[in-house]
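Source file: my_file_36.txt (compact mmCIF, C-alpha atoms)
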```txt
# COMPACT_ATOMS: atom_id res chain seq x y z
CA MET Q 1 113.25 203.55 -1.62
CA SER Q 2 110.50 206.20 -1.67
CA ASP Q 3 107.33 205.67 0.39
CA VAL Q 4 105.25 205.40 -2.82
CA SER Q 5 107.32 202.50 -4.18
CA ALA Q 6 107.47 201.00 -0.65
CA ILE Q 7 103.66 200.88 -0.57
CA GLU Q 8 103.60 199.26 -4.03
CA GLN Q 9 106.10 196.68 -2.74
CA PHE Q 10 103.92 196.16 0.37
CA VAL Q 11 100.80 195.50 -1.79
CA LYS Q 12 102.69 192.87 -3.80
CA GLN Q 13 104.13 191.11 -0.73
CA TYR Q 14 100.74 191.25 1.01
CA LYS Q 15 99.09 189.45 -1.95
CA ASP Q 16 101.82 186.78 -1.88
CA LEU Q 17 101.31 186.41 1.87
CA LYS Q 18 97.54 185.88 1.43
CA THR Q 19 98.23 183.22 -1.24
CA GLU Q 20 100.69 181.42 1.07
CA ILE Q 21 98.22 181.42 4.00
CA ALA Q 22 95.41 180.17 1.69
CA LYS Q 23 97.43 176.96 1.09
CA VAL Q 24 96.43 175.90 4.62
CA ILE Q 25 93.48 178.10 5.63
CA ILE Q 26 90.42 177.62 3.44
CA GLY Q 27 87.97 180.55 3.42
CA GLN Q 28 88.01 182.89 6.46
CA ASP Q 29 89.38 185.57 4.12
CA ASP Q 30 87.97 188.45 6.15
CA VAL Q 31 89.38 187.07 9.42
CA VAL Q 32 92.87 186.60 7.92
CA ASN Q 33 92.72 190.16 6.53
CA GLN Q 34 91.81 191.60 9.93
CA ILE Q 35 94.58 189.68 11.74
CA LEU Q 36 97.13 190.89 9.17
CA ILE Q 37 95.86 194.49 9.39
CA SER Q 38 96.30 194.40 13.17
CA ILE Q 39 99.83 192.95 12.78
CA PHE Q 40 100.98 195.58 10.26
CA SER Q 41 99.35 198.29 12.41
CA GLY Q 42 101.29 196.97 15.44
CA GLY Q 43 98.17 195.93 17.37
CA HIS Q 44 96.88 192.80 19.13
CA SER Q 45 93.76 190.80 18.23
CA LEU Q 46 91.13 188.86 20.17
CA LEU Q 47 89.60 185.98 18.17
CA VAL Q 48 86.13 185.02 19.37
CA GLY Q 49 84.71 181.77 18.04
CA VAL Q 50 83.44 178.31 18.97
CA PRO Q 51 85.97 175.43 19.19
CA GLY Q 52 87.09 173.71 15.99
CA LEU Q 53 87.25 176.73 13.68
CA ALA Q 54 91.05 176.37 13.24
CA LYS Q 55 91.94 179.47 15.28
CA THR Q 56 95.25 177.95 16.46
CA LEU Q 57 96.10 176.64 12.99
CA MET Q 58 95.35 180.06 11.50
CA VAL Q 59 97.67 181.89 13.92
CA ASN Q 60 100.40 179.26 13.48
CA THR Q 61 100.17 179.49 9.66
CA ILE Q 62 100.29 183.31 9.73
CA ALA Q 63 103.36 183.19 12.03
CA GLN Q 64 105.13 180.76 9.65
CA ALA Q 65 104.30 182.82 6.55
CA LEU Q 66 105.58 185.98 8.30
CA GLY Q 67 108.78 184.18 9.34
CA LEU Q 68 108.22 184.93 13.05
CA ASP Q 69 108.71 182.92 16.26
CA PHE Q 70 105.43 181.57 17.56
CA LYS Q 71 104.47 180.23 20.99
CA ARG Q 72 101.11 178.98 22.20
CA ILE Q 73 100.10 179.36 25.84
CA GLN Q 74 97.09 177.31 26.95
CA PHE Q 75 95.33 179.40 29.60
CA THR Q 76 93.91 177.29 32.44
CA PRO Q 77 92.50 178.17 35.90
CA ASP Q 78 95.75 177.11 37.63
CA LEU Q 79 98.13 179.03 35.31
CA MET Q 80 100.41 181.39 37.25
CA PRO Q 81 102.03 184.66 36.01
CA SER Q 82 105.49 183.00 36.27
CA ASP Q 83 104.30 180.28 33.85
CA ILE Q 84 103.94 183.03 31.23
CA LEU Q 85 106.71 185.50 32.10
CA GLY Q 86 109.39 183.12 33.37
CA SER Q 87 111.05 182.97 36.77
CA GLU Q 88 114.38 183.32 38.55
CA ILE Q 89 116.13 180.14 39.64
CA LEU Q 90 119.28 179.54 41.67
CA ASP Q 91 121.97 178.03 39.43
CA GLU Q 92 124.84 175.72 40.48
CA ASP Q 93 127.05 178.76 41.31
CA ARG Q 94 124.33 180.03 43.68
CA HIS Q 95 123.54 182.98 41.39
CA PHE Q 96 120.05 183.88 40.36
CA LYS Q 97 119.41 183.20 36.72
CA PHE Q 98 116.31 184.25 34.78
CA LEU Q 99 114.60 181.55 32.75
CA LYS Q 100 112.48 183.19 30.06
CA GLY Q 101 108.85 182.13 29.81
CA PRO Q 102 106.86 181.59 26.59
CA ILE Q 103 105.98 185.30 26.41
CA PHE Q 104 109.45 185.88 24.88
CA SER Q 105 108.42 185.25 21.30
CA ASN Q 106 107.21 187.36 18.35
CA ILE Q 107 103.66 186.00 18.17
CA ILE Q 108 101.91 184.72 21.29
CA LEU Q 109 98.72 182.71 20.97
CA ALA Q 110 96.92 183.16 24.29
CA ASP Q 111 94.52 180.25 23.92
CA GLU Q 112 91.21 180.58 25.81
CA ILE Q 113 92.44 183.68 27.63
CA ASN Q 114 89.23 183.94 29.70
CA ARG Q 115 89.90 180.56 31.40
CA THR Q 116 92.60 181.99 33.65
CA PRO Q 117 92.17 184.21 36.76
CA PRO Q 118 92.66 188.02 36.52
CA LYS Q 119 96.09 187.86 38.21
CA THR Q 120 97.47 185.83 35.28
CA GLN Q 121 95.52 187.78 32.66
CA ALA Q 122 97.15 190.94 34.07
CA ALA Q 123 100.63 189.43 33.48
CA LEU Q 124 99.97 189.98 29.78
CA LEU Q 125 98.99 193.63 30.22
CA GLU Q 126 102.49 195.09 30.59
CA ALA Q 127 103.79 192.93 27.73
CA MET Q 128 100.97 194.04 25.42
CA GLN Q 129 101.30 197.74 26.23
CA GLU Q 130 105.00 198.26 26.93
CA ARG Q 131 106.53 195.41 24.88
CA ALA Q 132 108.47 194.60 28.07
CA VAL Q 133 108.04 192.60 31.28
CA THR Q 134 109.22 193.15 34.85
CA VAL Q 135 110.23 190.07 36.87
CA ALA Q 136 111.77 190.31 40.37
CA GLY Q 137 112.51 194.01 39.85
CA HIS Q 138 114.33 193.46 36.53
CA HIS Q 139 113.03 194.96 33.30
CA TYR Q 140 113.25 192.76 30.20
CA LYS Q 141 112.52 194.07 26.69
CA LEU Q 142 110.61 191.77 24.33
CA SER Q 143 111.92 191.26 20.82
CA LEU Q 144 110.04 193.16 18.11
CA PRO Q 145 107.74 192.76 16.29
CA TYR Q 146 105.50 191.53 19.12
CA PHE Q 147 101.82 190.52 18.95
CA VAL Q 148 99.35 188.82 21.23
CA LEU Q 149 96.57 186.95 19.43
CA ALA Q 150 94.15 185.68 22.05
CA THR Q 151 91.22 183.31 21.58
CA GLN Q 152 88.00 183.16 23.52
CA ASN Q 153 85.08 180.73 23.37
CA PRO Q 154 81.81 182.71 23.36
CA ILE Q 155 79.53 179.87 24.50
CA GLU Q 156 80.94 178.30 27.63
CA GLN Q 157 80.77 180.80 30.48
CA GLU Q 158 81.16 178.35 33.37
CA GLY Q 159 84.61 178.47 34.92
CA THR Q 160 85.64 181.55 32.95
CA TYR Q 161 86.89 184.95 34.08
CA PRO Q 162 85.60 187.66 31.69
CA LEU Q 163 88.36 190.00 30.52
CA PRO Q 164 88.30 193.36 32.32
CA GLU Q 165 87.65 196.45 30.17
CA ALA Q 166 91.25 197.68 30.61
CA GLN Q 167 92.54 194.45 29.07
CA LEU Q 168 89.91 194.37 26.30
CA ASP Q 169 90.93 197.91 25.36
CA ARG Q 170 94.51 196.69 24.75
CA PHE Q 171 93.25 194.60 21.83
CA MET Q 172 93.10 196.59 18.61
CA PHE Q 173 90.57 194.18 17.05
CA ALA Q 174 87.96 191.77 18.38
CA ILE Q 175 87.36 189.39 15.46
CA ASN Q 176 84.33 187.11 15.32
CA LEU Q 177 84.88 183.76 13.61
CA ASP Q 178 81.90 182.05 12.05
CA TYR Q 179 81.29 178.55 10.73
CA PRO Q 180 82.58 177.95 7.18
CA SER Q 181 80.10 177.77 4.30
CA PHE Q 182 79.04 174.29 3.05
CA LYS Q 183 81.43 174.52 0.09
CA GLU Q 184 84.35 175.66 2.30
CA GLU Q 185 83.70 172.87 4.81
CA VAL Q 186 83.78 170.29 1.98
CA GLU Q 187 87.17 171.74 0.91
CA VAL Q 188 88.45 171.65 4.53
CA VAL Q 189 87.48 167.97 4.92
CA LYS Q 190 89.10 167.06 1.57
CA ALA Q 191 92.33 168.87 2.49
CA THR Q 192 92.68 167.58 6.06
CA THR Q 193 91.81 163.88 5.76
CA THR Q 194 94.73 162.80 3.58
CA ASP Q 195 98.44 162.32 4.29
CA LYS Q 196 99.42 165.33 2.18
CA GLN Q 197 101.83 167.67 3.99
CA ILE Q 198 101.66 171.37 3.10
CA LYS Q 199 104.78 173.48 3.59
CA VAL Q 200 104.29 177.17 4.38
CA ASN Q 201 107.15 179.38 3.17
CA SER Q 202 108.38 182.40 5.13
CA LEU Q 203 107.92 185.51 2.99
CA PHE Q 204 109.00 188.24 5.44
CA SER Q 205 111.74 188.88 7.97
CA ALA Q 206 111.14 190.49 11.39
CA GLN Q 207 112.94 193.65 10.20
CA GLN Q 208 110.77 193.89 7.07
CA ILE Q 209 107.63 193.77 9.20
CA ILE Q 210 108.99 196.55 11.46
CA ASP Q 211 109.85 198.60 8.34
CA PHE Q 212 106.33 198.17 6.95
CA GLN Q 213 104.83 199.14 10.34
CA GLN Q 214 106.88 202.35 10.29
CA LEU Q 215 105.89 202.98 6.66
CA ILE Q 216 102.20 202.73 7.63
CA ARG Q 217 102.70 205.21 10.47
CA ARG Q 218 104.19 207.67 7.95
CA ILE Q 219 101.10 207.54 5.71
CA PRO Q 220 99.44 211.00 5.77
CA VAL Q 221 95.78 211.33 6.81
CA ALA Q 222 93.49 214.22 5.90
CA ASP Q 223 92.05 216.18 8.84
CA ASN Q 224 88.46 215.42 7.81
CA VAL Q 225 89.18 211.64 8.06
CA ILE Q 226 90.68 212.02 11.56
CA GLU Q 227 87.71 214.19 12.61
CA TYR Q 228 85.31 211.57 11.19
CA ALA Q 229 87.01 208.79 13.23
CA VAL Q 230 87.02 210.84 16.45
CA ALA Q 231 83.38 211.89 15.90
CA MET Q 232 82.38 208.24 15.39
CA VAL Q 233 84.04 207.23 18.67
CA SER Q 234 82.56 210.19 20.59
CA LYS Q 235 79.07 209.17 19.38
CA THR Q 236 79.45 205.89 21.31
CA ARG Q 237 79.55 207.71 24.68
CA PRO Q 238 75.98 207.84 26.05
CA ASN Q 239 76.63 210.93 28.23
CA GLY Q 240 78.41 212.87 25.47
CA ASP Q 241 76.91 215.67 23.39
CA ASN Q 242 77.28 213.69 20.15
CA ALA Q 243 75.60 210.46 21.33
CA THR Q 244 72.94 209.09 18.98
CA ASP Q 245 69.50 208.07 20.26
CA LEU Q 246 70.37 204.40 19.76
CA VAL Q 247 73.51 204.82 21.90
CA LYS Q 248 71.64 206.67 24.66
CA THR Q 249 69.03 203.89 24.77
CA TYR Q 250 71.23 200.80 24.56
CA ILE Q 251 74.79 201.64 25.69
CA ASP Q 252 76.16 201.95 29.25
CA TRP Q 253 79.75 202.85 28.36
CA GLY Q 254 81.35 204.01 25.12
CA ALA Q 255 84.81 203.70 23.60
CA GLY Q 256 87.85 205.69 24.80
CA PRO Q 257 90.54 207.63 22.89
CA ARG Q 258 92.49 204.44 22.15
CA ALA Q 259 89.62 203.48 19.81
CA SER Q 260 90.16 206.69 17.80
CA GLN Q 261 93.90 206.02 17.54
CA ASN Q 262 93.28 202.44 16.43
CA LEU Q 263 90.66 203.49 13.87
CA ILE Q 264 93.18 205.75 12.13
CA LEU Q 265 96.09 203.27 12.33
CA ALA Q 266 93.97 200.39 11.00
CA ALA Q 267 92.45 202.63 8.29
CA LYS Q 268 96.01 203.49 7.15
CA THR Q 269 96.87 199.78 6.87
CA HIS Q 270 93.54 199.02 5.16
CA ALA Q 271 94.29 201.75 2.62
CA ALA Q 272 97.88 200.54 2.10
CA ILE Q 273 96.90 196.90 1.34
CA HIS Q 274 94.56 198.26 -1.34
CA GLY Q 275 97.36 200.34 -2.87
CA LYS Q 276 96.06 203.73 -1.64
CA PHE Q 277 98.52 206.35 -0.38
CA SER Q 278 96.12 207.90 2.15
CA PRO Q 279 93.02 206.51 3.92
CA ASP Q 280 89.53 207.92 3.38
CA ILE Q 281 86.26 207.60 5.28
CA GLU Q 282 85.48 204.22 3.60
CA ASN Q 283 88.70 202.77 5.09
CA VAL Q 284 87.66 203.96 8.56
CA GLN Q 285 84.22 202.36 8.13
CA ALA Q 286 85.80 199.10 6.91
CA VAL Q 287 87.67 198.58 10.20
CA ALA Q 288 85.17 200.20 12.59
CA ASN Q 289 83.23 197.04 13.51
CA SER Q 290 86.19 195.08 14.82
CA ILE Q 291 87.68 198.07 16.63
CA LEU Q 292 84.52 199.26 18.40
CA ARG Q 293 82.75 195.93 18.99
CA HIS Q 294 84.53 195.10 22.26
CA ARG Q 295 84.77 198.70 23.48
CA ILE Q 296 81.07 199.49 23.81
CA ILE Q 297 79.17 197.99 26.72
CA LYS Q 298 75.49 197.26 26.08
CA ASN Q 299 72.87 197.59 28.82
CA TYR Q 300 70.22 195.03 29.79
CA LYS Q 301 67.69 196.68 27.45
CA ALA Q 302 69.90 195.96 24.42
CA GLU Q 303 70.29 192.35 25.56
CA ALA Q 304 66.53 191.97 26.09
CA GLU Q 305 65.64 193.45 22.71
CA GLY Q 306 68.36 191.58 20.81
CA VAL Q 307 70.20 194.71 19.64
CA SER Q 308 73.74 193.76 18.59
CA GLU Q 309 76.94 195.80 18.77
CA GLU Q 310 77.04 195.70 14.95
CA ASP Q 311 73.58 197.35 14.72
CA ILE Q 312 74.74 200.16 16.99
CA ILE Q 313 78.09 200.66 15.17
CA LYS Q 314 76.35 200.75 11.75
CA SER Q 315 74.09 203.53 13.04
CA LEU Q 316 77.22 205.64 13.72
CA PHE Q 317 78.16 205.74 10.01
```
Written as structure tokens, how would this file's structure read?
Amino acid sequence: MSDVSAIEQFVKQYKDLKTEIAKVIIGQDDVVNQILISIFSGGHSLLVGVPGLAKTLMVNTIAQALGLDFKRIQFTPDLMPSDILGSEILDEDRHFKFLKGPIFSNIILADEINRTPPKTQAALLEAMQERAVTVAGHHYKLSLPYFVLATQNPIEQEGTYPLPEAQLDRFMFAINLDYPSFKEEVEVVKATTTDKQIKVNSLFSAQQIIDFQQLIRRIPVADNVIEYAVAMVSKTRPNGDNATDLVKTYIDWGAGPRASQNLILAAKTHAAIHGKFSPDIENVQAVANSILRHRIIKNYKAEAEGVSEEDIIKSLF
């Protein structure tokens, strides 16, 4: 199959996938799109939203529709790295045997990731970056495709351990979830207060997802689009030559090269789901907010004057 017909096939399957997910998830169209873009780009996502916005249900539904294994890990202050990765035990023949932890799955929901100490948060780092884990000196590959979708509650800061910048940078997208509209909430209540069971069908296989990820990496990008993405990221660095006045005033630290890579990868996927064979500047702008939001660090002046990350990112366009 040629890449052109493969992209046409991808557009069709993507539409079917959105329809399947919409059986369970009402509204939140933008959030679902962003999660799917990160999955087909091979990246991880951080979902930031107050409790009760169906973050877990959303991830579970997406995993079912994609036909992937799904495991949920509830992060708590007493969670240990071995609770995630697995551990070696002595079997009846007095041989060490490795018992795999929940991280050995295709989609991991790291629920309330900021509730657990840095030592346990760091256990995810190798898995997210290398798609492998090391336990007791042994290296174990994780089965592909592999995604971490983490959730974080933005309100409650007591008893939480903010994610370090190195870990935040591993997430392709930081996605903000908002309350549903009045009409959507009415639909949610109607759908969830009866005994009706909704079955979500699997529309993809693991191999198909890997094939589509490779297809997206093969999509050509014009030099001016790559230069635009790199220029946008370099403008976020307050000490750089390209920094805007707004950045110099309100930002302590800007985004690193991984942001530029993610902008191009996500722009390719954004173009592909809209049936385009190469991304343009509009595709880069469409994904910029979620990619840069968690990679720029505001100073106290921005906090005091109520300047949001979105305001600063918009000024970069």
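Here the question is which of Q:Phe173, Q:Phe317, Q:Phe70, Q:Trp253 gets nearest to Q:Ile108 using all atoms listed in the file, and that residue is Q:Phe70.
With distances restricted to only C-alpha atoms, Q:Gln167 is the closest residue to Q:Glu126 from Q:Gln167, Q:Gln197, Q:Ser5, Q:Thr249.
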Expected residue set, 10 Å radius at (73.3, 198.1, 34.1), all atoms listed in the file, as an MDAnalysis selection string
chainID Q and resid 251:253 297:301
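Distance-wise, atom CA of Q:Leu17 and atom CA of Q:Leu203 end up 6.8 Å apart.
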Using only C-alpha atoms, which protein or nucleic acid residues come within 12 Å of Q:Gln34? Drop anything in the same chain fewer than 6 positions from it, and give the result as a count of residues only.
28
Write out as a list in words the residues lying within 12 Å of Q:Thr192, counting only C-alpha atoms and excluding same-chain residues fewer than 2 positions away.
Lys23, Val24, Ile25, Ile26, Ala54, Leu57, Glu185, Val186, Glu187, Val188, Val189, Lys190, Thr194, Asp195, Lys196, Gln197 and Ile198 of chain Q
Save out the residues we just selected, C-alpha atoms, as an mmCIF file, keeping the file's coordinate frame.
```cif
data_model
loop_
_atom_site.group_PDB
_atom_site.id
_atom_site.type_symbol
_atom_site.label_atom_id
_atom_site.label_comp_id
_atom_site.auth_asym_id
_atom_site.auth_seq_id
_atom_site.Cartn_x
_atom_site.Cartn_y
_atom_site.Cartn_z
ATOM 1 C CA LYS Q 23 97.430 176.960 1.090
ATOM 2 C CA VAL Q 24 96.430 175.900 4.620
ATOM 3 C CA ILE Q 25 93.480 178.100 5.630
ATOM 4 C CA ILE Q 26 90.420 177.620 3.440
ATOM 5 C CA ALA Q 54 91.050 176.370 13.240
ATOM 6 C CA LEU Q 57 96.100 176.640 12.990
ATOM 7 C CA GLU Q 185 83.700 172.870 4.810
ATOM 8 C CA VAL Q 186 83.780 170.290 1.980
ATOM 9 C CA GLU Q 187 87.170 171.740 0.910
ATOM 10 C CA VAL Q 188 88.450 171.650 4.530
ATOM 11 C CA VAL Q 189 87.480 167.970 4.920
ATOM 12 C CA LYS Q 190 89.100 167.060 1.570
ATOM 13 C CA THR Q 194 94.730 162.800 3.580
ATOM 14 C CA ASP Q 195 98.440 162.320 4.290
ATOM 15 C CA LYS Q 196 99.420 165.330 2.180
ATOM 16 C CA GLN Q 197 101.830 167.670 3.990
ATOM 17 C CA ILE Q 198 101.660 171.370 3.100
#
```
Would you pick out the contacts of Q:Ile84 at 7 Å or less, using all atoms listed in the file, so that residues sharing its chain but fewer than 6 positions from it are not included, and give the list as a ChimeraX atom specification?
/Q:101-103
Tell me, in Å to one decimal, how far atom CA of Q:Ile209 is from atom CA of Q:Pro145.
7.2 Å
Separation of atom CA of Q:Asp111 from atom CA of Q:Val135 in Å:
22.6 Å
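Between Q:Glu309 and the residues Q:Leu79, Q:Ala122, Q:Ile281, Q:Val247, the shortest atom-to-atom distance, using all atoms listed in the file, involves Q:Val247.
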Would you place a box with edges along x, y and z of the file around all atoms of stretch 103-122 of chain Q listed there, add 8 Å to each of its six sides, and report the centre and edge lengths in Å to one decimal, as JSON?
```
{"center_x": 99.3, "center_y": 185.6, "center_z": 28.2, "size_x": 36.2, "size_y": 26.7, "size_z": 36.0}
```
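Of the listed residues Q:Thr120, Q:Gln129, Q:Ser202, Q:Asn224, the one whose atoms come nearest to Q:Ile73 is Q:Thr120, with distances taken using all atoms listed in the file.
Proximity to Q:Pro164 at 12 Å, evaluated using only C-alpha atoms and with sequence-adjacent residues fewer than 5 positions away removed, yields Ile113, Asn114, Pro117, Pro118, Lys119, Gln121, Ala122, Leu125, Asp169, Arg170, Phe171, His294, Arg295 and Ile297 of chain Q.
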Restricting to all atoms listed in the file, whichever of Q:Lys71, Q:Lys100, Q:His274, Q:Arg115 is closest to Q:Thr160 is Q:Arg115
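Distance annotation: of Q:Ile312, Q:Leu292, Q:Val200, Q:Val225, the residue with the minimal separation from Q:Lys248 is Q:Ile312; atom set is only C-alpha atoms.
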Spatial neighbours of stretch 240-244 of chain Q, max dist 9 Å, only C-alpha atoms, sep filter under 6 positions, as an MDAnalysis selection string:
chainID Q and resid 231:232 234 315:316
Incomplete stretch 37-51 of chain Q brought to N, CA and C atoms, written out as a PDB file, in the coordinates of the input:
```
ATOM      1  N   ILE Q  37      95.937 193.026   9.209  1.00  0.00           N
ATOM      2  CA  ILE Q  37      95.860 194.490   9.390  1.00  0.00           C
ATOM      3  C   ILE Q  37      96.322 194.862  10.794  1.00  0.00           C
ATOM      4  N   SER Q  38      95.888 194.077  11.788  1.00  0.00           N
ATOM      5  CA  SER Q  38      96.300 194.400  13.170  1.00  0.00           C
ATOM      6  C   SER Q  38      97.813 194.209  13.328  1.00  0.00           C
ATOM      7  N   ILE Q  39      98.379 193.194  12.676  1.00  0.00           N
ATOM      8  CA  ILE Q  39      99.830 192.950  12.780  1.00  0.00           C
ATOM      9  C   ILE Q  39     100.621 194.092  12.142  1.00  0.00           C
ATOM     10  N   PHE Q  40     100.233 194.505  10.926  1.00  0.00           N
ATOM     11  CA  PHE Q  40     100.980 195.580  10.260  1.00  0.00           C
ATOM     12  C   PHE Q  40     100.696 196.950  10.879  1.00  0.00           C
ATOM     13  N   SER Q  41      99.613 197.042  11.674  1.00  0.00           N
ATOM     14  CA  SER Q  41      99.350 198.290  12.410  1.00  0.00           C
ATOM     15  C   SER Q  41     100.042 198.263  13.776  1.00  0.00           C
ATOM     16  N   GLY Q  42     100.614 197.092  14.143  1.00  0.00           N
ATOM     17  CA  GLY Q  42     101.290 196.970  15.440  1.00  0.00           C
ATOM     18  C   GLY Q  42     100.343 196.722  16.590  1.00  0.00           C
ATOM     19  N   GLY Q  43      99.161 196.158  16.307  1.00  0.00           N
ATOM     20  CA  GLY Q  43      98.170 195.930  17.370  1.00  0.00           C
ATOM     21  C   GLY Q  43      97.972 194.451  17.670  1.00  0.00           C
ATOM     22  N   HIS Q  44      97.199 194.175  18.722  1.00  0.00           N
ATOM     23  CA  HIS Q  44      96.880 192.800  19.130  1.00  0.00           C
ATOM     24  C   HIS Q  44      95.426 192.487  18.742  1.00  0.00           C
ATOM     25  N   SER Q  45      95.119 191.195  18.620  1.00  0.00           N
ATOM     26  CA  SER Q  45      93.760 190.800  18.230  1.00  0.00           C
ATOM     27  C   SER Q  45      93.185 189.754  19.178  1.00  0.00           C
ATOM     28  N   LEU Q  46      91.876 189.849  19.385  1.00  0.00           N
ATOM     29  CA  LEU Q  46      91.130 188.860  20.170  1.00  0.00           C
ATOM     30  C   LEU Q  46      90.224 188.116  19.194  1.00  0.00           C
ATOM     31  N   LEU Q  47      90.413 186.788  19.093  1.00  0.00           N
ATOM     32  CA  LEU Q  47      89.600 185.980  18.170  1.00  0.00           C
ATOM     33  C   LEU Q  47      88.502 185.293  18.971  1.00  0.00           C
ATOM     34  N   VAL Q  48      87.263 185.574  18.627  1.00  0.00           N
ATOM     35  CA  VAL Q  48      86.130 185.020  19.370  1.00  0.00           C
ATOM     36  C   VAL Q  48      85.412 184.037  18.465  1.00  0.00           C
ATOM     37  N   GLY Q  49      85.376 182.771  18.870  1.00  0.00           N
ATOM     38  CA  GLY Q  49      84.710 181.770  18.040  1.00  0.00           C
ATOM     39  C   GLY Q  49      84.597 180.443  18.759  1.00  0.00           C
ATOM     40  N   VAL Q  50      83.652 179.622  18.333  1.00  0.00           N
ATOM     41  CA  VAL Q  50      83.440 178.310  18.970  1.00  0.00           C
ATOM     42  C   VAL Q  50      84.638 177.416  18.663  1.00  0.00           C
ATOM     43  N   PRO Q  51      84.822 176.321  19.445  1.00  0.00           N
ATOM     44  CA  PRO Q  51      85.970 175.430  19.190  1.00  0.00           C
ATOM     45  C   PRO Q  51      85.876 174.789  17.806  1.00  0.00           C
TER      46      PRO Q  51
END
```
